[in-house]
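Notes follow once the structure below has been shown.
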Amino acid sequence: MASATSPAAPAPGDTPVRVRFCPSPTGNPHVGLVRTALFNWAFARHHHGTLVFRIEDTDAARDSEESYGRLLDAMRWLGLDWDEGPEVGGPYAPYRQSQRMDVYADVARRLLEAGRAYECYCSAEELETRREAARAAGRPSGYDGQCRDLTDGQRAAYRAEGRDPIVRFRMPDRTVTFTDLVRGELSFAPENVPDYGIVRANGAPLYTLVNPVDDALMGITHVLRGEDLLSSTPRQIALYEALAELGVGTGGTPLFGHLPYVMGEGNKKLSKRDPQASLNLYRERGFLPDGLLNYLSLLGWSFSADQDVFSLDELVERFEIADVNANPARFDLKKAEAINADHIRLLDVKAFADACEPWLRAPFAPWAPEAFDEAAWQAVAPHAQTRLTVLSDITANVDFLFLPEPVFDEASWTKAMKEGSDALLRTARENLAAADWSAPEPLKDAVLVAGEAHGLKLGKAQAPVRVAVTGRTVGLPLFESLQVLGRERTLARIDAALARLAG
């Protein structure tokens, strides 16, 4: 059989790069989708090209305006700007496929007239019966070409039975070979790439038609997408060639790069149904967009052997699709959190304080709005910045400042309040009452001396004081926290702890 290698699209530097991100507005955005958007965005920005944001919303049963709004909101929150698409416009508008139905209908008609597509009247039951027979015989179980060469009379007879046909694209009887930007040269024999549907029986176009048509009309030069779509690539390449023959679009076939799978728990492909896949989870926990994108870029790509933390500007400067690894990438939540923590540290203090604001107000904050003290918050913000993994951690770190009483955490209480803690607390209270509260150091000395009086080092001595005052065994630097809380409230909380210990 003849072999036909797909024509090469212009390489970066020859023709301006044009890539597309075309999600379906179904459900909530997930991290796999975000990584695809990120790699397309970084590739376009690296080559000073164009990112086309297209919405694949031709499935009325699954798509929703609510999900469409979430997609746009997610892209804006992440800072992944687009050059053409919704809210921006562009020379190929509209960019919602539901608004381009006449375009797809016209192309489908032209493909039928040219003999590059045909009507298929096979029912789902008939198709499954023949697939089972093919599998039993050890043959490929794809479409067997039953309706490839129907006569006008046969088509009329099927219609008389009340059958509504789908439209199938006629695959060429030759091997399709192309060079994947991630995986190298790949070949697909014709028996493994059967004719496929491009229009449903109700006339609605399928993504197998609409995406290649829009790519051709919009001059897309590179298609960067998930590995799960690799099997559809030879079909689309054949369709690009047919579109070129019909004069649809620029006549070029894009270069393809298929991004590796993202694996979740149990070494299984991360599904959009997995809780850790939801973008909303990371927004609600207080990941910084730059921190999350930094981590997601490492799922199949690396900045350098000795650097995992970098800015988006640095990503754009370094990113090349040829450097993406074809092997599956494992999603590691702990590493994602560690990288996000590094990005929190990189903020200036004001930017950090501003970023924490949502978690210092209702509905996240457990204190009354009037109890929030801006001056106290600004005083502890620099200390909090060095301790957070995600921004939502700030609430538990500073609640002792704004609640009338510290939270009672039984595990912390049991851990800190050992035999003799009451005597230690009484001595510490006496020393703190007499201390200079203008700086943290005298408060530290007061607790240090109290500990020495009871044969304890500072680390052991300060634990009951911390739990009495803040309610937790870990948190912000203790003596800076005491100074901000103030003498009166600190002593009152130690008194309350002593009363509890006395039972």
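Letters A, B, ... go to the chains of the structure tokens in the order shown; residues in each chain start at 1; ligands are counted from 1 in the same order.
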So which residues touch Leu491 of chain A within 8 Å, counting only C-alpha atoms, skipping near sequence neighbours fewer than 2 positions away, as a count of residues only? 9
For segment 182-187 of chain A: contacts at 12 Å, only C-alpha atoms, fewer than 3 positions along chain excluded, given as a PDB file with N, CA, C and O atoms, in the first residue's frame:
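Ended up saving to selection-v3.pdb:
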ATOM      1  N   SER A   3       2.268   4.907   0.973  1.00  0.00           N
ATOM      2  CA  SER A   3       2.428   5.625   2.240  1.00  0.00           C
ATOM      3  C   SER A   3       2.390   7.107   1.956  1.00  0.00           C
ATOM      4  O   SER A   3       3.033   7.581   1.019  1.00  0.00           O
ATOM      5  N   ALA A   4       1.629   7.847   2.749  1.00  0.00           N
ATOM      6  CA  ALA A   4       1.528   9.299   2.548  1.00  0.00           C
ATOM      7  C   ALA A   4       1.876   9.990   3.836  1.00  0.00           C
ATOM      8  O   ALA A   4       1.159   9.903   4.815  1.00  0.00           O
ATOM      9  N   THR A   5       2.996  10.681   3.879  1.00  0.00           N
ATOM     10  CA  THR A   5       3.382  11.455   5.053  1.00  0.00           C
ATOM     11  C   THR A   5       2.654  12.787   5.031  1.00  0.00           C
ATOM     12  O   THR A   5       2.569  13.439   3.991  1.00  0.00           O
ATOM     13  N   SER A   6       2.122  13.194   6.176  1.00  0.00           N
ATOM     14  CA  SER A   6       1.378  14.454   6.228  1.00  0.00           C
ATOM     15  C   SER A   6       2.291  15.607   5.886  1.00  0.00           C
ATOM     16  O   SER A   6       3.451  15.654   6.296  1.00  0.00           O
ATOM     17  N   ARG A 174      -4.411   4.144   2.635  1.00  0.00           N
ATOM     18  CA  ARG A 174      -2.950   4.243   2.713  1.00  0.00           C
ATOM     19  C   ARG A 174      -2.551   4.530   4.147  1.00  0.00           C
ATOM     20  O   ARG A 174      -3.347   5.015   4.956  1.00  0.00           O
ATOM     21  N   THR A 175      -1.310   4.228   4.448  1.00  0.00           N
ATOM     22  CA  THR A 175      -0.770   4.506   5.770  1.00  0.00           C
ATOM     23  C   THR A 175      -0.599   6.012   5.941  1.00  0.00           C
ATOM     24  O   THR A 175      -0.139   6.708   5.030  1.00  0.00           O
ATOM     25  N   VAL A 176      -0.999   6.498   7.103  1.00  0.00           N
ATOM     26  CA  VAL A 176      -0.808   7.908   7.438  1.00  0.00           C
ATOM     27  C   VAL A 176       0.371   8.011   8.398  1.00  0.00           C
ATOM     28  O   VAL A 176       0.373   7.380   9.458  1.00  0.00           O
ATOM     29  N   THR A 177       1.377   8.781   8.025  1.00  0.00           N
ATOM     30  CA  THR A 177       2.582   8.955   8.836  1.00  0.00           C
ATOM     31  C   THR A 177       2.778  10.428   9.133  1.00  0.00           C
ATOM     32  O   THR A 177       2.590  11.274   8.251  1.00  0.00           O
ATOM     33  N   PHE A 178       3.096  10.730  10.376  1.00  0.00           N
ATOM     34  CA  PHE A 178       3.394  12.113  10.733  1.00  0.00           C
ATOM     35  C   PHE A 178       4.429  12.133  11.848  1.00  0.00           C
ATOM     36  O   PHE A 178       4.655  11.126  12.520  1.00  0.00           O
ATOM     37  N   THR A 179       5.076  13.271  12.019  1.00  0.00           N
ATOM     38  CA  THR A 179       6.076  13.423  13.064  1.00  0.00           C
ATOM     39  C   THR A 179       5.473  14.192  14.220  1.00  0.00           C
ATOM     40  O   THR A 179       5.164  15.377  14.098  1.00  0.00           O
ATOM     41  N   PRO A 190      -4.047   1.661   7.419  1.00  0.00           N
ATOM     42  CA  PRO A 190      -5.469   1.957   7.140  1.00  0.00           C
ATOM     43  C   PRO A 190      -6.434   1.041   7.878  1.00  0.00           C
ATOM     44  O   PRO A 190      -7.531   1.479   8.251  1.00  0.00           O
ATOM     45  N   GLU A 191      -6.048  -0.234   8.110  1.00  0.00           N
ATOM     46  CA  GLU A 191      -6.972  -1.127   8.804  1.00  0.00           C
ATOM     47  C   GLU A 191      -7.198  -0.715  10.257  1.00  0.00           C
ATOM     48  O   GLU A 191      -8.163  -1.147  10.889  1.00  0.00           O
ATOM     49  N   ASN A 192      -6.323   0.137  10.779  1.00  0.00           N
ATOM     50  CA  ASN A 192      -6.476   0.609  12.154  1.00  0.00           C
ATOM     51  C   ASN A 192      -7.102   1.997  12.246  1.00  0.00           C
ATOM     52  O   ASN A 192      -7.281   2.526  13.339  1.00  0.00           O
ATOM     53  N   VAL A 193      -7.396   2.592  11.102  1.00  0.00           N
ATOM     54  CA  VAL A 193      -8.023   3.923  11.083  1.00  0.00           C
ATOM     55  C   VAL A 193      -9.219   3.869  10.134  1.00  0.00           C
ATOM     56  O   VAL A 193      -9.156   4.305   8.987  1.00  0.00           O
ATOM     57  N   VAL A 223      -0.966  21.957  16.859  1.00  0.00           N
ATOM     58  CA  VAL A 223      -2.009  21.443  17.731  1.00  0.00           C
ATOM     59  C   VAL A 223      -1.320  20.716  18.877  1.00  0.00           C
ATOM     60  O   VAL A 223      -0.714  19.654  18.686  1.00  0.00           O
ATOM     61  N   LEU A 224      -1.410  21.286  20.067  1.00  0.00           N
ATOM     62  CA  LEU A 224      -0.817  20.705  21.269  1.00  0.00           C
ATOM     63  C   LEU A 224      -1.966  20.254  22.161  1.00  0.00           C
ATOM     64  O   LEU A 224      -2.742  21.083  22.644  1.00  0.00           O
ATOM     65  N   ARG A 225      -2.069  18.961  22.387  1.00  0.00           N
ATOM     66  CA  ARG A 225      -3.219  18.434  23.109  1.00  0.00           C
ATOM     67  C   ARG A 225      -2.835  17.142  23.818  1.00  0.00           C
ATOM     68  O   ARG A 225      -1.721  16.653  23.687  1.00  0.00           O
ATOM     69  N   GLY A 226      -3.784  16.568  24.565  1.00  0.00           N
ATOM     70  CA  GLY A 226      -3.497  15.396  25.375  1.00  0.00           C
ATOM     71  C   GLY A 226      -3.294  14.128  24.572  1.00  0.00           C
ATOM     72  O   GLY A 226      -3.801  13.979  23.443  1.00  0.00           O
ATOM     73  N   GLU A 227      -2.564  13.206  25.165  1.00  0.00           N
ATOM     74  CA  GLU A 227      -2.261  11.929  24.521  1.00  0.00           C
ATOM     75  C   GLU A 227      -3.525  11.133  24.212  1.00  0.00           C
ATOM     76  O   GLU A 227      -3.545  10.317  23.285  1.00  0.00           O
ATOM     77  N   LEU A 230      -4.530  11.127  20.602  1.00  0.00           N
ATOM     78  CA  LEU A 230      -3.552  10.730  19.594  1.00  0.00           C
ATOM     79  C   LEU A 230      -4.167   9.859  18.509  1.00  0.00           C
ATOM     80  O   LEU A 230      -3.864  10.020  17.318  1.00  0.00           O
ATOM     81  N   SER A 231      -5.055   8.943  18.895  1.00  0.00           N
ATOM     82  CA  SER A 231      -5.623   8.024  17.901  1.00  0.00           C
ATOM     83  C   SER A 231      -6.462   8.736  16.857  1.00  0.00           C
ATOM     84  O   SER A 231      -6.683   8.206  15.762  1.00  0.00           O
ATOM     85  N   THR A 233      -5.614  11.584  15.465  1.00  0.00           N
ATOM     86  CA  THR A 233      -4.761  12.435  14.632  1.00  0.00           C
ATOM     87  C   THR A 233      -4.685  11.985  13.183  1.00  0.00           C
ATOM     88  O   THR A 233      -4.820  12.817  12.272  1.00  0.00           O
ATOM     89  N   PRO A 234      -4.465  10.692  12.871  1.00  0.00           N
ATOM     90  CA  PRO A 234      -4.431  10.314  11.450  1.00  0.00           C
ATOM     91  C   PRO A 234      -5.744  10.614  10.740  1.00  0.00           C
ATOM     92  O   PRO A 234      -5.745  10.968   9.559  1.00  0.00           O
ATOM     93  N   ARG A 235      -6.859  10.490  11.455  1.00  0.00           N
ATOM     94  CA  ARG A 235      -8.149  10.815  10.838  1.00  0.00           C
ATOM     95  C   ARG A 235      -8.206  12.299  10.498  1.00  0.00           C
ATOM     96  O   ARG A 235      -8.676  12.693   9.426  1.00  0.00           O
ATOM     97  N   ILE A 237      -5.657  14.340  10.024  1.00  0.00           N
ATOM     98  CA  ILE A 237      -4.707  14.677   8.958  1.00  0.00           C
ATOM     99  C   ILE A 237      -5.327  14.406   7.591  1.00  0.00           C
ATOM    100  O   ILE A 237      -5.201  15.216   6.660  1.00  0.00           O
ATOM    101  N   LEU A 255       1.282  20.952  12.689  1.00  0.00           N
ATOM    102  CA  LEU A 255       2.135  20.012  13.391  1.00  0.00           C
ATOM    103  C   LEU A 255       1.446  19.626  14.692  1.00  0.00           C
ATOM    104  O   LEU A 255       0.807  20.468  15.335  1.00  0.00           O
ATOM    105  N   PHE A 256       1.575  18.366  15.090  1.00  0.00           N
ATOM    106  CA  PHE A 256       0.921  17.872  16.295  1.00  0.00           C
ATOM    107  C   PHE A 256       1.938  17.549  17.373  1.00  0.00           C
ATOM    108  O   PHE A 256       3.029  17.031  17.090  1.00  0.00           O
ATOM    109  N   GLY A 257       1.573  17.857  18.610  1.00  0.00           N
ATOM    110  CA  GLY A 257       2.341  17.438  19.772  1.00  0.00           C
ATOM    111  C   GLY A 257       1.387  16.927  20.821  1.00  0.00           C
ATOM    112  O   GLY A 257       0.487  17.661  21.256  1.00  0.00           O
ATOM    113  N   HIS A 258       1.531  15.658  21.213  1.00  0.00           N
ATOM    114  CA  HIS A 258       0.597  15.056  22.165  1.00  0.00           C
ATOM    115  C   HIS A 258       1.243  14.973  23.539  1.00  0.00           C
ATOM    116  O   HIS A 258       2.282  14.341  23.719  1.00  0.00           O
ATOM    117  N   LEU A 259       0.613  15.625  24.488  1.00  0.00           N
ATOM    118  CA  LEU A 259       1.161  15.781  25.831  1.00  0.00           C
ATOM    119  C   LEU A 259       0.926  14.520  26.648  1.00  0.00           C
ATOM    120  O   LEU A 259      -0.100  13.855  26.505  1.00  0.00           O
ATOM    121  N   PRO A 260       1.859  14.165  27.526  1.00  0.00           N
ATOM    122  CA  PRO A 260       1.753  12.903  28.269  1.00  0.00           C
ATOM    123  C   PRO A 260       0.586  12.911  29.239  1.00  0.00           C
ATOM    124  O   PRO A 260       0.132  13.952  29.702  1.00  0.00           O
ATOM    125  N   GLY A 300       5.563  16.777  32.800  1.00  0.00           N
ATOM    126  CA  GLY A 300       5.971  16.424  31.443  1.00  0.00           C
ATOM    127  C   GLY A 300       7.039  17.320  30.869  1.00  0.00           C
ATOM    128  O   GLY A 300       7.511  17.086  29.755  1.00  0.00           O
ATOM    129  N   TRP A 301       7.449  18.334  31.603  1.00  0.00           N
ATOM    130  CA  TRP A 301       8.462  19.285  31.124  1.00  0.00           C
ATOM    131  C   TRP A 301       9.300  19.691  32.318  1.00  0.00           C
ATOM    132  O   TRP A 301       8.848  19.577  33.460  1.00  0.00           O
ATOM    133  N   GLU A 320       9.841  24.973  25.204  1.00  0.00           N
ATOM    134  CA  GLU A 320       9.807  24.418  23.854  1.00  0.00           C
ATOM    135  C   GLU A 320       9.069  23.092  23.910  1.00  0.00           C
ATOM    136  O   GLU A 320       9.321  22.267  24.793  1.00  0.00           O
ATOM    137  N   ILE A 321       8.179  22.865  22.964  1.00  0.00           N
ATOM    138  CA  ILE A 321       7.390  21.640  22.978  1.00  0.00           C
ATOM    139  C   ILE A 321       8.282  20.421  22.755  1.00  0.00           C
ATOM    140  O   ILE A 321       7.994  19.322  23.244  1.00  0.00           O
ATOM    141  N   ALA A 322       9.392  20.593  22.065  1.00  0.00           N
ATOM    142  CA  ALA A 322      10.296  19.470  21.826  1.00  0.00           C
ATOM    143  C   ALA A 322      10.923  18.956  23.116  1.00  0.00           C
ATOM    144  O   ALA A 322      11.433  17.826  23.164  1.00  0.00           O
ATOM    145  N   ASP A 323      10.895  19.769  24.181  1.00  0.00           N
ATOM    146  CA  ASP A 323      11.477  19.362  25.461  1.00  0.00           C
ATOM    147  C   ASP A 323      10.482  18.615  26.342  1.00  0.00           C
ATOM    148  O   ASP A 323      10.833  18.182  27.443  1.00  0.00           O
ATOM    149  N   VAL A 324       9.238  18.468  25.882  1.00  0.00           N
ATOM    150  CA  VAL A 324       8.241  17.740  26.665  1.00  0.00           C
ATOM    151  C   VAL A 324       8.556  16.242  26.598  1.00  0.00           C
ATOM    152  O   VAL A 324       8.868  15.701  25.535  1.00  0.00           O
ATOM    153  N   ASN A 325       8.470  15.593  27.744  1.00  0.00           N
ATOM    154  CA  ASN A 325       8.750  14.165  27.848  1.00  0.00           C
ATOM    155  C   ASN A 325       7.493  13.368  27.513  1.00  0.00           C
ATOM    156  O   ASN A 325       6.401  13.697  27.981  1.00  0.00           O
ATOM    157  N   ALA A 326       7.644  12.319  26.732  1.00  0.00           N
ATOM    158  CA  ALA A 326       6.480  11.523  26.327  1.00  0.00           C
ATOM    159  C   ALA A 326       5.967  10.621  27.442  1.00  0.00           C
ATOM    160  O   ALA A 326       4.832  10.142  27.373  1.00  0.00           O
ATOM    161  N   ASN A 327       6.769  10.383  28.470  1.00  0.00           N
ATOM    162  CA  ASN A 327       6.363   9.466  29.539  1.00  0.00           C
ATOM    163  C   ASN A 327       5.279  10.095  30.415  1.00  0.00           C
ATOM    164  O   ASN A 327       5.250  11.311  30.612  1.00  0.00           O
TER     165      ASN A 327
END
Strand (DSSP E or B) positions in segment 29-272 of chain A, given as a ChimeraX atom specification: /A:30,50-53,55,84-85,89,96,117-120,166-169,175-180,184-188,196-199,205,222-226,255-259,262-263,269
If we count only C-alpha atoms and set the cut-off at 7 Å, which residues sit around segment 388-401 of chain A, ignoring sequence neighbours fewer than 3 positions away in its own chain? Please answer as JSON, numbers by chain. {"A": [285, 286, 287, 337, 338, 340, 341, 356, 359, 360, 365, 384, 385, 406, 470, 475, 476, 485]}
Using Å and a single decimal, report how far atom CA of Asp83 of chain A sits from atom CA of Glu314 of chain A. 20.3 Å
With a distance cut-off of 8 Å and only C-alpha atoms, select the neighbouring residues of segment 26-29 of chain A, excluding the residue or stretch itself and same-chain residues fewer than 5 positions from it, and output the selection as a PyMOL selection string. chain A and resi 34+62-64+67-68+70-71+74+278-280
Between atom CA of Pro328 of chain A and atom CA of Met263 of chain A, what is the spacing in Å? 6.6 Å
Could the residues of segment 26-86 of chain A that have an atom at most 8 Å from segment 316-319 of chain A be listed as a Markdown table, each with its closest atom pair and the distance in Å to one decimal, counting only C-alpha atoms and ordered by chain and ascending residue number?
| residue | atom | partner | partner_atom | distance |
| --- | --- | --- | --- | --- |
| A:Ala42 | CA | A:Val316 | CA | 5.1 |
| A:Phe43 | CA | A:Phe319 | CA | 6.4 |
| A:Arg45 | CA | A:Val316 | CA | 6.1 |
| A:His46 | CA | A:Val316 | CA | 5.0 |
What does the structure give for the distance between atom CA of Val449 of chain A and atom CA of Asp422 of chain A, in Å to one decimal?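 These atoms are spaced 15.6 Å apart.
The closest residue to Gly420 of chain A, picked from A:Ala375, A:Leu478, A:Glu113, A:Leu498 and counting only C-alpha atoms, is A:Leu498.
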Using only C-alpha atoms, find the one residue out of A:Gly32, A:Pro254, A:Gly162, A:Gly471 that sits nearest to Lys269 of chain A.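 Of all the options, A:Gly32 lies closest to Lys269 of chain A.
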Shell of 10 Å around Glu265 of chain A, only C-alpha atoms, local chain residues under 5 positions omitted, as number ranges by chain: A: 270, 274, 276, 330-332
For the selection just defined, write its residues with N, CA, C and O atoms to a file, as a PDB file, in the first residue's frame.
ATOM      1  N   LEU A 270      -5.206  10.448  35.751  1.00  0.00           N
ATOM      2  CA  LEU A 270      -5.994  11.402  36.529  1.00  0.00           C
ATOM      3  C   LEU A 270      -7.262  11.743  35.764  1.00  0.00           C
ATOM      4  O   LEU A 270      -7.213  12.227  34.634  1.00  0.00           O
ATOM      5  N   ASP A 274     -11.699  12.818  39.642  1.00  0.00           N
ATOM      6  CA  ASP A 274     -10.874  12.724  40.838  1.00  0.00           C
ATOM      7  C   ASP A 274     -10.914  14.052  41.592  1.00  0.00           C
ATOM      8  O   ASP A 274     -10.751  15.112  40.974  1.00  0.00           O
ATOM      9  N   GLN A 276      -8.785  15.606  43.388  1.00  0.00           N
ATOM     10  CA  GLN A 276      -7.599  16.448  43.267  1.00  0.00           C
ATOM     11  C   GLN A 276      -7.421  17.016  41.864  1.00  0.00           C
ATOM     12  O   GLN A 276      -6.501  17.794  41.623  1.00  0.00           O
ATOM     13  N   ARG A 330       3.357  12.059  36.933  1.00  0.00           N
ATOM     14  CA  ARG A 330       2.571  11.769  38.132  1.00  0.00           C
ATOM     15  C   ARG A 330       2.249  13.059  38.877  1.00  0.00           C
ATOM     16  O   ARG A 330       3.131  13.863  39.150  1.00  0.00           O
ATOM     17  N   PHE A 331       0.971  13.242  39.202  1.00  0.00           N
ATOM     18  CA  PHE A 331       0.558  14.416  39.964  1.00  0.00           C
ATOM     19  C   PHE A 331       0.883  14.186  41.433  1.00  0.00           C
ATOM     20  O   PHE A 331       0.395  13.245  42.048  1.00  0.00           O
ATOM     21  N   ASP A 332       1.724  15.050  41.986  1.00  0.00           N
ATOM     22  CA  ASP A 332       2.185  14.921  43.371  1.00  0.00           C
ATOM     23  C   ASP A 332       1.708  16.151  44.146  1.00  0.00           C
ATOM     24  O   ASP A 332       2.273  17.235  44.021  1.00  0.00           O
TER      25      ASP A 332
END
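You can rank A:Leu293, A:Met417, A:Leu206, A:Met171 by their closest distance to Val31 of chain A using only C-alpha atoms, and at the top of that list sits A:Leu293.
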I'd like the neighbourhood of Cys120 of chain A as number ranges by chain, where a residue qualifies if any of its atoms comes within 9 Å (using only C-alpha atoms), though same-chain residues fewer than 5 positions away should be ignored. A: 145-148, 150, 155, 164-168, 197
Which residues of segment 199-290 of chain A sit at most 10 Å from segment 92-95 of chain A, using only C-alpha atoms? Give each one's shortest atom pair and distance in Å (one decimal place), in chain and ascending residue order, as JSON lines.
{"residue": "A:Asp214", "atom": "CA", "partner": "A:Tyr92", "partner_atom": "CA", "distance": 9.0}
{"residue": "A:Leu217", "atom": "CA", "partner": "A:Tyr92", "partner_atom": "CA", "distance": 7.7}
{"residue": "A:Met218", "atom": "CA", "partner": "A:Tyr92", "partner_atom": "CA", "distance": 6.2}
{"residue": "A:Gly219", "atom": "CA", "partner": "A:Tyr92", "partner_atom": "CA", "distance": 9.6}
According to DSSP computed on the backbone, where in segment 109-281 of chain A is there helix (DSSP H, G or I)? Give the residues as a PyMOL selection string. chain A and resi 109-113+124-136+152-160+190-192+207-217+227-246+265-267+275-277+279-281
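For Leu72 of chain A, the list of residues within 12 Å, based on only C-alpha atoms and with local chain neighbours fewer than 6 positions off taken out, reads A:Phe21, A:Cys22, A:Pro23, A:Ser24, A:Pro25, A:Asn28, A:Pro29, A:Val34, A:Ala37, A:Phe53, A:Arg54, A:Ile55, A:Glu65, A:Glu66, A:Leu78, A:Gly79, A:Leu80, A:Asp81, A:Trp82, A:Gly85, A:Pro86, A:Glu87, A:Val88.
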